[in-house]
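Novice: Contents of upload.csv (CSV, N, CA and C atoms) are below:
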```csv
chain,number,residue,atom,x,y,z
A,1,MET,N,-56.9,-16.5,-20.7
A,1,MET,CA,-55.9,-17.3,-19.9
A,1,MET,C,-54.5,-17.2,-20.6
A,2,ASP,N,-54.6,-17.2,-21.9
A,2,ASP,CA,-53.4,-17.2,-22.7
A,2,ASP,C,-52.7,-15.8,-22.6
A,3,VAL,N,-53.5,-14.7,-22.5
A,3,VAL,CA,-52.9,-13.4,-22.3
A,3,VAL,C,-52.3,-13.2,-21.0
A,4,SER,N,-52.9,-13.8,-19.9
A,4,SER,CA,-52.3,-13.6,-18.6
A,4,SER,C,-51.0,-14.4,-18.4
A,5,MET,N,-50.9,-15.5,-19.2
A,5,MET,CA,-49.6,-16.3,-19.1
A,5,MET,C,-48.5,-15.5,-19.8
A,6,ASN,N,-48.9,-14.8,-20.9
A,6,ASN,CA,-47.9,-14.0,-21.6
A,6,ASN,C,-47.4,-12.9,-20.8
A,7,VAL,N,-48.4,-12.2,-20.0
A,7,VAL,CA,-48.0,-11.1,-19.2
A,7,VAL,C,-47.1,-11.6,-18.0
A,8,LYS,N,-47.4,-12.7,-17.4
A,8,LYS,CA,-46.6,-13.3,-16.4
A,8,LYS,C,-45.2,-13.6,-16.9
A,9,TYR,N,-45.1,-14.2,-18.0
A,9,TYR,CA,-43.8,-14.5,-18.6
A,9,TYR,C,-43.0,-13.3,-18.9
A,10,LEU,N,-43.7,-12.2,-19.4
A,10,LEU,CA,-43.1,-11.0,-19.7
A,10,LEU,C,-42.5,-10.3,-18.5
A,11,VAL,N,-43.3,-10.3,-17.4
A,11,VAL,CA,-42.9,-9.7,-16.1
A,11,VAL,C,-41.7,-10.4,-15.5
A,12,VAL,N,-41.8,-11.8,-15.6
A,12,VAL,CA,-40.7,-12.6,-15.0
A,12,VAL,C,-39.4,-12.3,-15.9
A,13,THR,N,-39.5,-12.2,-17.1
A,13,THR,CA,-38.4,-12.0,-18.0
A,13,THR,C,-37.8,-10.6,-17.7
A,14,VAL,N,-38.6,-9.6,-17.6
A,14,VAL,CA,-38.1,-8.2,-17.3
A,14,VAL,C,-37.4,-8.2,-15.9
A,15,VAL,N,-38.0,-8.8,-14.9
A,15,VAL,CA,-37.4,-8.8,-13.6
A,15,VAL,C,-36.1,-9.5,-13.6
A,16,GLU,N,-36.0,-10.7,-14.3
A,16,GLU,CA,-34.7,-11.4,-14.4
A,16,GLU,C,-33.7,-10.6,-15.1
A,17,THR,N,-34.0,-9.9,-16.1
A,17,THR,CA,-33.1,-9.0,-16.9
A,17,THR,C,-32.6,-7.9,-16.0
A,18,ILE,N,-33.5,-7.2,-15.2
A,18,ILE,CA,-33.1,-6.1,-14.3
A,18,ILE,C,-32.1,-6.7,-13.3
A,19,ILE,N,-32.4,-7.8,-12.7
A,19,ILE,CA,-31.5,-8.4,-11.7
A,19,ILE,C,-30.1,-8.7,-12.3
A,20,LYS,N,-30.1,-9.2,-13.5
A,20,LYS,CA,-28.8,-9.5,-14.2
A,20,LYS,C,-28.0,-8.2,-14.4
A,21,VAL,N,-28.7,-7.2,-14.8
A,21,VAL,CA,-28.0,-5.9,-15.1
A,21,VAL,C,-27.5,-5.3,-13.8
A,22,ILE,N,-28.2,-5.4,-12.7
A,22,ILE,CA,-27.8,-4.9,-11.4
A,22,ILE,C,-26.5,-5.7,-10.9
A,23,VAL,N,-26.6,-7.0,-11.1
A,23,VAL,CA,-25.4,-7.9,-10.7
A,23,VAL,C,-24.2,-7.6,-11.5
A,24,ILE,N,-24.4,-7.4,-12.8
A,24,ILE,CA,-23.2,-7.1,-13.7
A,24,ILE,C,-22.7,-5.7,-13.3
A,25,ALA,N,-23.5,-4.7,-13.1
A,25,ALA,CA,-23.1,-3.4,-12.7
A,25,ALA,C,-22.3,-3.5,-11.4
A,26,ALA,N,-22.8,-4.2,-10.4
A,26,ALA,CA,-22.1,-4.3,-9.1
A,26,ALA,C,-20.7,-5.0,-9.3
A,27,VAL,N,-20.6,-6.0,-10.2
A,27,VAL,CA,-19.3,-6.7,-10.4
A,27,VAL,C,-18.4,-5.7,-11.1
A,28,ILE,N,-18.9,-4.9,-12.0
A,28,ILE,CA,-18.0,-3.9,-12.7
A,28,ILE,C,-17.5,-2.9,-11.7
A,29,VAL,N,-18.4,-2.4,-10.9
A,29,VAL,CA,-17.9,-1.4,-9.9
A,29,VAL,C,-16.9,-2.0,-8.9
A,30,PHE,N,-17.1,-3.2,-8.5
A,30,PHE,CA,-16.2,-3.9,-7.6
A,30,PHE,C,-14.8,-4.1,-8.2
A,31,VAL,N,-14.8,-4.5,-9.5
A,31,VAL,CA,-13.6,-4.7,-10.2
A,31,VAL,C,-12.8,-3.4,-10.4
A,32,PHE,N,-13.6,-2.4,-10.8
A,32,PHE,CA,-13.0,-1.1,-11.0
A,32,PHE,C,-12.4,-0.5,-9.8
A,33,ARG,N,-13.1,-0.6,-8.6
A,33,ARG,CA,-12.5,-0.1,-7.4
A,33,ARG,C,-11.3,-0.9,-7.0
A,34,GLY,N,-11.3,-2.2,-7.1
A,34,GLY,CA,-10.2,-3.0,-6.8
A,34,GLY,C,-9.0,-2.7,-7.7
A,35,ALA,N,-9.2,-2.5,-8.9
A,35,ALA,CA,-8.1,-2.2,-9.9
A,35,ALA,C,-7.6,-0.8,-9.6
A,36,THR,N,-8.4,0.2,-9.2
A,36,THR,CA,-8.0,1.5,-8.9
A,36,THR,C,-7.1,1.5,-7.6
A,37,LYS,N,-7.5,0.7,-6.6
A,37,LYS,CA,-6.7,0.6,-5.4
A,37,LYS,C,-5.4,-0.1,-5.7
A,38,ALA,N,-5.4,-1.1,-6.4
A,38,ALA,CA,-4.2,-1.9,-6.8
A,38,ALA,C,-3.2,-1.0,-7.6
A,39,TYR,N,-3.7,-0.2,-8.5
A,39,TYR,CA,-2.9,0.7,-9.3
A,39,TYR,C,-2.3,1.8,-8.4
A,40,ASP,N,-3.1,2.3,-7.5
A,40,ASP,CA,-2.6,3.4,-6.6
A,40,ASP,C,-1.5,2.8,-5.7
A,41,PHE,N,-1.7,1.6,-5.1
A,41,PHE,CA,-0.7,1.0,-4.3
A,41,PHE,C,0.6,0.8,-5.1
A,42,GLY,N,0.5,0.2,-6.2
A,42,GLY,CA,1.6,-0.1,-7.1
A,42,GLY,C,2.4,1.2,-7.5
A,43,TYR,N,1.6,2.3,-7.8
A,43,TYR,CA,2.2,3.5,-8.1
A,43,TYR,C,3.0,4.1,-6.9
A,44,ARG,N,2.5,4.0,-5.7
A,44,ARG,CA,3.1,4.5,-4.5
A,44,ARG,C,4.4,3.7,-4.2
A,45,VAL,N,4.4,2.4,-4.5
A,45,VAL,CA,5.6,1.6,-4.3
A,45,VAL,C,6.8,2.2,-5.0
A,46,PHE,N,6.6,2.6,-6.3
A,46,PHE,CA,7.7,3.1,-7.1
A,46,PHE,C,7.8,4.6,-7.1
A,47,ALA,N,6.8,5.3,-6.7
A,47,ALA,CA,6.9,6.8,-6.7
A,47,ALA,C,7.5,7.3,-5.5
A,48,ASP,N,7.8,6.5,-4.5
A,48,ASP,CA,8.6,6.8,-3.3
A,48,ASP,C,8.7,8.3,-2.9
A,49,GLU,N,7.7,8.8,-2.4
A,49,GLU,CA,7.7,10.2,-2.0
A,49,GLU,C,7.8,10.3,-0.4
A,50,PRO,N,8.5,11.4,0.0
A,50,PRO,CA,8.7,11.6,1.5
A,50,PRO,C,7.4,12.1,2.1
A,51,VAL,N,7.2,12.0,3.4
A,51,VAL,CA,6.1,12.5,4.1
A,51,VAL,C,5.9,14.0,4.0
A,52,SER,N,7.1,14.7,4.1
A,52,SER,CA,7.1,16.2,3.9
A,52,SER,C,8.1,16.5,2.9
A,53,VAL,N,7.8,17.3,1.9
A,53,VAL,CA,8.7,17.6,0.8
A,53,VAL,C,9.9,18.5,1.2
A,54,SER,N,9.6,19.5,2.0
A,54,SER,CA,10.7,20.4,2.4
A,54,SER,C,10.5,20.7,3.9
A,55,GLY,N,11.6,21.1,4.5
A,55,GLY,CA,11.5,21.5,6.0
A,55,GLY,C,11.1,20.3,6.9
A,56,GLY,N,11.5,19.1,6.6
A,56,GLY,CA,11.1,18.0,7.4
A,56,GLY,C,11.8,18.1,8.8
A,57,ARG,N,11.3,17.2,9.7
A,57,ARG,CA,11.9,17.2,11.0
A,57,ARG,C,12.7,15.9,11.1
A,58,THR,N,13.7,15.9,12.0
A,58,THR,CA,14.5,14.7,12.2
A,58,THR,C,14.0,14.0,13.4
A,59,ILE,N,13.9,12.7,13.3
A,59,ILE,CA,13.4,11.9,14.4
A,59,ILE,C,14.4,10.7,14.6
A,60,THR,N,14.8,10.5,15.9
A,60,THR,CA,15.7,9.5,16.2
A,60,THR,C,14.9,8.2,16.5
A,61,VAL,N,15.3,7.1,15.8
A,61,VAL,CA,14.7,5.8,16.0
A,61,VAL,C,15.7,4.8,16.4
A,62,GLY,N,15.2,3.8,17.1
A,62,GLY,CA,16.1,2.7,17.5
A,62,GLY,C,15.5,1.4,16.9
A,63,ILE,N,16.4,0.6,16.2
A,63,ILE,CA,16.1,-0.6,15.7
A,63,ILE,C,16.7,-1.7,16.5
A,64,ALA,N,15.8,-2.6,17.1
A,64,ALA,CA,16.3,-3.6,18.0
A,64,ALA,C,16.8,-4.8,17.2
A,65,GLU,N,17.7,-5.6,17.8
A,65,GLU,CA,18.2,-6.8,17.2
A,65,GLU,C,17.0,-7.7,17.0
A,66,GLY,N,16.9,-8.3,15.8
A,66,GLY,CA,15.9,-9.2,15.5
A,66,GLY,C,14.5,-8.6,15.1
A,67,ALA,N,14.5,-7.3,15.0
A,67,ALA,CA,13.2,-6.7,14.7
A,67,ALA,C,12.8,-7.0,13.2
A,68,SER,N,11.6,-7.3,13.0
A,68,SER,CA,11.1,-7.7,11.7
A,68,SER,C,10.9,-6.4,10.9
A,69,VAL,N,10.8,-6.5,9.6
A,69,VAL,CA,10.6,-5.3,8.7
A,69,VAL,C,9.2,-4.8,9.0
A,70,ARG,N,8.2,-5.6,9.3
A,70,ARG,CA,6.9,-5.2,9.6
A,70,ARG,C,6.9,-4.3,10.9
A,71,GLU,N,7.6,-4.8,11.9
A,71,GLU,CA,7.7,-4.1,13.2
A,71,GLU,C,8.4,-2.7,13.0
A,72,ILE,N,9.5,-2.7,12.2
A,72,ILE,CA,10.2,-1.4,11.9
A,72,ILE,C,9.2,-0.5,11.1
A,73,ALA,N,8.5,-1.0,10.1
A,73,ALA,CA,7.6,-0.2,9.4
A,73,ALA,C,6.5,0.4,10.3
A,74,GLN,N,5.9,-0.4,11.2
A,74,GLN,CA,4.9,0.1,12.1
A,74,GLN,C,5.4,1.2,13.0
A,75,MET,N,6.7,1.0,13.4
A,75,MET,CA,7.3,2.0,14.3
A,75,MET,C,7.5,3.3,13.5
A,76,LEU,N,8.0,3.2,12.3
A,76,LEU,CA,8.2,4.4,11.4
A,76,LEU,C,6.9,5.1,11.1
A,77,GLU,N,5.8,4.3,10.9
A,77,GLU,CA,4.5,5.0,10.7
A,77,GLU,C,4.0,5.7,11.9
A,78,GLU,N,4.2,5.1,13.1
A,78,GLU,CA,3.8,5.7,14.4
A,78,GLU,C,4.5,7.0,14.6
A,79,LYS,N,5.8,7.0,14.2
A,79,LYS,CA,6.6,8.2,14.5
A,79,LYS,C,6.4,9.3,13.4
A,80,GLY,N,5.6,9.0,12.4
A,80,GLY,CA,5.3,9.9,11.3
A,80,GLY,C,6.4,10.0,10.2
A,81,LEU,N,7.2,9.0,10.1
A,81,LEU,CA,8.3,9.1,9.1
A,81,LEU,C,7.8,8.5,7.8
A,82,ILE,N,6.8,7.6,7.8
A,82,ILE,CA,6.2,7.1,6.6
A,82,ILE,C,4.7,7.1,6.8
A,83,GLU,N,4.0,7.1,5.7
A,83,GLU,CA,2.5,7.1,5.8
A,83,GLU,C,1.8,5.8,5.8
A,84,ASP,N,2.5,4.7,5.3
A,84,ASP,CA,1.8,3.4,5.2
A,84,ASP,C,2.9,2.3,5.5
A,85,ALA,N,2.7,1.6,6.6
A,85,ALA,CA,3.6,0.5,6.9
A,85,ALA,C,3.6,-0.6,5.9
A,86,ASN,N,2.4,-0.9,5.4
A,86,ASN,CA,2.4,-2.0,4.4
A,86,ASN,C,3.2,-1.6,3.1
A,87,LEU,N,3.1,-0.4,2.7
A,87,LEU,CA,3.8,0.1,1.6
A,87,LEU,C,5.3,0.0,1.8
A,88,PHE,N,5.7,0.4,3.0
A,88,PHE,CA,7.2,0.3,3.4
A,88,PHE,C,7.7,-1.1,3.3
A,89,VAL,N,6.9,-2.1,3.8
A,89,VAL,CA,7.3,-3.5,3.7
A,89,VAL,C,7.5,-3.9,2.3
A,90,VAL,N,6.6,-3.6,1.4
A,90,VAL,CA,6.8,-3.9,0.0
A,90,VAL,C,8.0,-3.2,-0.6
A,91,GLN,N,8.2,-1.9,-0.3
A,91,GLN,CA,9.3,-1.2,-0.8
A,91,GLN,C,10.6,-1.8,-0.3
A,92,GLU,N,10.7,-2.3,0.9
A,92,GLU,CA,11.9,-2.9,1.4
A,92,GLU,C,12.1,-4.3,0.7
A,93,LEU,N,11.0,-5.0,0.5
A,93,LEU,CA,11.1,-6.3,-0.2
A,93,LEU,C,11.7,-6.1,-1.6
A,94,LEU,N,11.3,-5.0,-2.3
A,94,LEU,CA,11.8,-4.8,-3.7
A,94,LEU,C,13.1,-4.0,-3.8
A,95,SER,N,13.6,-3.5,-2.7
A,95,SER,CA,14.8,-2.7,-2.7
A,95,SER,C,16.1,-3.5,-2.7
A,96,ALA,N,17.2,-2.8,-3.0
A,96,ALA,CA,18.5,-3.4,-2.9
A,96,ALA,C,18.9,-3.6,-1.5
A,97,TYR,N,18.1,-3.1,-0.5
A,97,TYR,CA,18.5,-3.2,0.9
A,97,TYR,C,17.6,-4.3,1.6
A,98,HIS,N,17.0,-5.2,0.8
A,98,HIS,CA,16.1,-6.3,1.3
A,98,HIS,C,17.0,-7.2,2.3
A,99,GLY,N,16.5,-7.3,3.5
A,99,GLY,CA,17.2,-8.1,4.5
A,99,GLY,C,18.5,-7.6,5.1
A,100,LYS,N,18.7,-6.3,4.8
A,100,LYS,CA,20.0,-5.7,5.2
A,100,LYS,C,19.9,-4.7,6.3
A,101,ILE,N,18.7,-4.5,6.9
A,101,ILE,CA,18.5,-3.5,8.0
A,101,ILE,C,19.3,-3.9,9.2
A,102,LEU,N,20.1,-3.0,9.7
A,102,LEU,CA,20.9,-3.4,10.9
A,102,LEU,C,20.4,-2.7,12.2
A,103,PRO,N,20.5,-3.4,13.3
A,103,PRO,CA,20.1,-2.8,14.6
A,103,PRO,C,20.9,-1.6,14.9
A,104,GLY,N,20.3,-0.7,15.6
A,104,GLY,CA,21.1,0.5,15.9
A,104,GLY,C,20.1,1.7,16.1
A,105,ILE,N,20.8,2.9,16.3
A,105,ILE,CA,20.0,4.1,16.5
A,105,ILE,C,20.3,5.0,15.3
A,106,TYR,N,19.2,5.5,14.7
A,106,TYR,CA,19.3,6.3,13.4
A,106,TYR,C,18.6,7.6,13.5
A,107,ASP,N,19.1,8.6,12.9
A,107,ASP,CA,18.4,9.9,12.7
A,107,ASP,C,17.8,9.9,11.3
A,108,LEU,N,16.5,9.8,11.3
A,108,LEU,CA,15.8,9.8,10.0
A,108,LEU,C,14.9,11.1,9.9
A,109,GLY,N,14.6,11.6,8.7
A,109,GLY,CA,13.9,12.8,8.5
A,109,GLY,C,12.6,12.5,7.8
A,110,THR,N,11.6,13.4,8.1
A,110,THR,CA,10.3,13.2,7.4
A,110,THR,C,10.4,13.7,5.9
A,111,ASP,N,11.5,14.3,5.6
A,111,ASP,CA,11.7,14.7,4.2
A,111,ASP,C,12.6,13.6,3.4
A,112,MET,N,12.8,12.4,4.0
A,112,MET,CA,13.5,11.3,3.4
A,112,MET,C,12.5,10.4,2.7
A,113,THR,N,12.9,9.8,1.6
A,113,THR,CA,12.1,8.7,1.0
A,113,THR,C,12.4,7.4,1.7
A,114,ALA,N,11.5,6.4,1.5
A,114,ALA,CA,11.7,5.1,2.1
A,114,ALA,C,13.1,4.5,1.7
A,115,GLU,N,13.4,4.8,0.4
A,115,GLU,CA,14.7,4.3,-0.1
A,115,GLU,C,15.9,4.9,0.7
A,116,GLN,N,15.8,6.2,1.0
A,116,GLN,CA,16.9,6.8,1.7
A,116,GLN,C,17.0,6.3,3.1
A,117,MET,N,15.8,6.1,3.8
A,117,MET,CA,15.8,5.5,5.1
A,117,MET,C,16.4,4.1,5.1
A,118,LEU,N,16.0,3.3,4.1
A,118,LEU,CA,16.5,2.0,4.1
A,118,LEU,C,18.1,2.0,3.9
A,119,GLU,N,18.5,2.9,3.1
A,119,GLU,CA,20.0,3.0,2.9
A,119,GLU,C,20.7,3.3,4.2
A,120,ILE,N,20.2,4.3,4.9
A,120,ILE,CA,20.8,4.7,6.2
A,120,ILE,C,20.7,3.5,7.2
A,121,MET,N,19.6,2.8,7.3
A,121,MET,CA,19.5,1.7,8.3
A,121,MET,C,20.2,0.5,7.8
A,122,SER,N,20.7,0.4,6.6
A,122,SER,CA,21.5,-0.7,6.1
A,122,SER,C,23.0,-0.5,6.0
A,123,THR,N,23.4,0.7,6.4
A,123,THR,CA,24.8,1.0,6.3
A,123,THR,C,25.5,0.8,7.7
A,124,PRO,N,26.5,0.0,7.7
A,124,PRO,CA,27.2,-0.3,8.9
A,124,PRO,C,27.8,1.0,9.5
A,125,ALA,N,27.9,1.1,10.8
A,125,ALA,CA,28.4,2.3,11.5
A,125,ALA,C,29.8,2.8,11.1
A,126,GLU,N,30.7,1.8,10.8
A,126,GLU,CA,32.0,2.2,10.3
A,126,GLU,C,31.9,3.1,9.1
A,127,GLU,N,31.1,2.7,8.1
A,127,GLU,CA,31.0,3.4,6.9
A,127,GLU,C,30.4,4.8,7.0
A,128,LYS,N,29.5,5.0,8.0
A,128,LYS,CA,28.8,6.2,8.3
A,128,LYS,C,29.8,7.3,8.8
A,129,GLU,N,30.8,6.8,9.6
A,129,GLU,CA,31.7,7.7,10.2
A,129,GLU,C,32.7,8.3,9.2
A,130,GLN,N,33.0,7.6,8.1
A,130,GLN,CA,33.9,8.1,7.1
A,130,GLN,C,33.4,9.1,6.2
```
Please rewrite the model in this file as structure tokens.
Specialist:
Amino acid sequence: MDVSMNVKYLVVTVVETIIKVIVIAAVIVFVFRGATKAYDFGYRVFADEPVSVSGGRTITVGIAEGASVREIAQMLEEKGLIEDANLFVVQELLSAYHGKILPGIYDLGTDMTAEQMLEIMSTPAEEKEQ
């Protein structure tokens, strides 16, 4: 009887240890994947690369009065000018052009960075003509 109790105790201890190791491994994988995605997103915010490096195409876009940055970002993504609307929203928030996008019609290129597009969309029409 004493031997069977020791075997049961040993089996329960081994199973508990295996479960703990599996849970710890799952937490490590989850944290690693989350950290990798966060780093990638943060890198892309500041690495500001255009959709196409050379030979981009020009696309005319219209910004309506009162359009939110999210709406503008979604429109730019749909037209193929940017790859990620959420990324553009963060880039606008951190840029010198935050809150300065003006309504109007703009010619933007797929070879432009988000910063360049923000600069164009934030420049009053009088300044562009000069």
Novice: Counting only N, CA and C atoms, figure out which residue out of A:Leu102, A:Leu76, A:Ala35, A:Val89 gets nearest to Pro124 in chain A.
Specialist: A:Leu102
Novice: Excluding Gly62 in chain A and residues on its chain fewer than 2 positions from it, collect all residues at most 7 Å away from it, counting only C-alpha atoms, and give them as a ChimeraX atom specification.
Specialist: /A:60,64,104-106
Novice: Produce a file of the selected residues containing N, CA and C atoms, as a short mmCIF file (atom, residue, chain, number, x, y, z; two decimals), in the coordinates of the input.
Specialist:
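Result file part16.cif:
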```
data_model
loop_
_atom_site.label_atom_id
_atom_site.label_comp_id
_atom_site.auth_asym_id
_atom_site.auth_seq_id
_atom_site.Cartn_x
_atom_site.Cartn_y
_atom_site.Cartn_z
N THR A 60 14.80 10.50 15.90
CA THR A 60 15.70 9.50 16.20
C THR A 60 14.90 8.20 16.50
N ALA A 64 15.80 -2.60 17.10
CA ALA A 64 16.30 -3.60 18.00
C ALA A 64 16.80 -4.80 17.20
N GLY A 104 20.30 -0.70 15.60
CA GLY A 104 21.10 0.50 15.90
C GLY A 104 20.10 1.70 16.10
N ILE A 105 20.80 2.90 16.30
CA ILE A 105 20.00 4.10 16.50
C ILE A 105 20.30 5.00 15.30
N TYR A 106 19.20 5.50 14.70
CA TYR A 106 19.30 6.30 13.40
C TYR A 106 18.60 7.60 13.50
#
```
Novice: Restricting the calculation to only N, CA and C atoms: of A:Leu93, A:Ser4, A:Asp48, A:Ala73, which residue gets closest to Ala114 in chain A?
Specialist: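 Checking each candidate against Ala114 in chain A, we get A:Asp48 as the closest.
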Novice: Just the strand (DSSP E or B) stuff from chain A, please, per backbone DSSP, written as a PyMOL selection string.
Specialist: chain A and resi 58-63+104-109
Novice: Contacts of Leu87 in chain A at 6.5 Å or less, counting all atoms listed in the file, minus same-chain residues fewer than 4 places along, as a ChimeraX atom specification?
Specialist: /A:45,91-92
Novice: Report, in Å to a single decimal, how far apart atom N of Gly80 in chain A and atom C of Asp111 in chain A are.
Specialist: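 Going from atom C of Asp111 in chain A over to atom N of Gly80 in chain A, I get 12.3 Å.
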Novice: How many Å separate atom N of Gly99 in chain A from CA of Glu65 in chain A?
Specialist: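 Separation between atom N of Gly99 in chain A and CA of Glu65 in chain A: 13.8 Å.
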Novice: With only N, CA and C atoms as the atoms that count, which of A:Leu81, A:Val3, A:Ile120, A:Met75 lies nearest to Ser52 in chain A?
Specialist: A:Leu81
Novice: Work out how far atom C of Gly42 in chain A is from atom C of Ser68 in chain A, in Å to one decimal.
Specialist: 21.6 Å
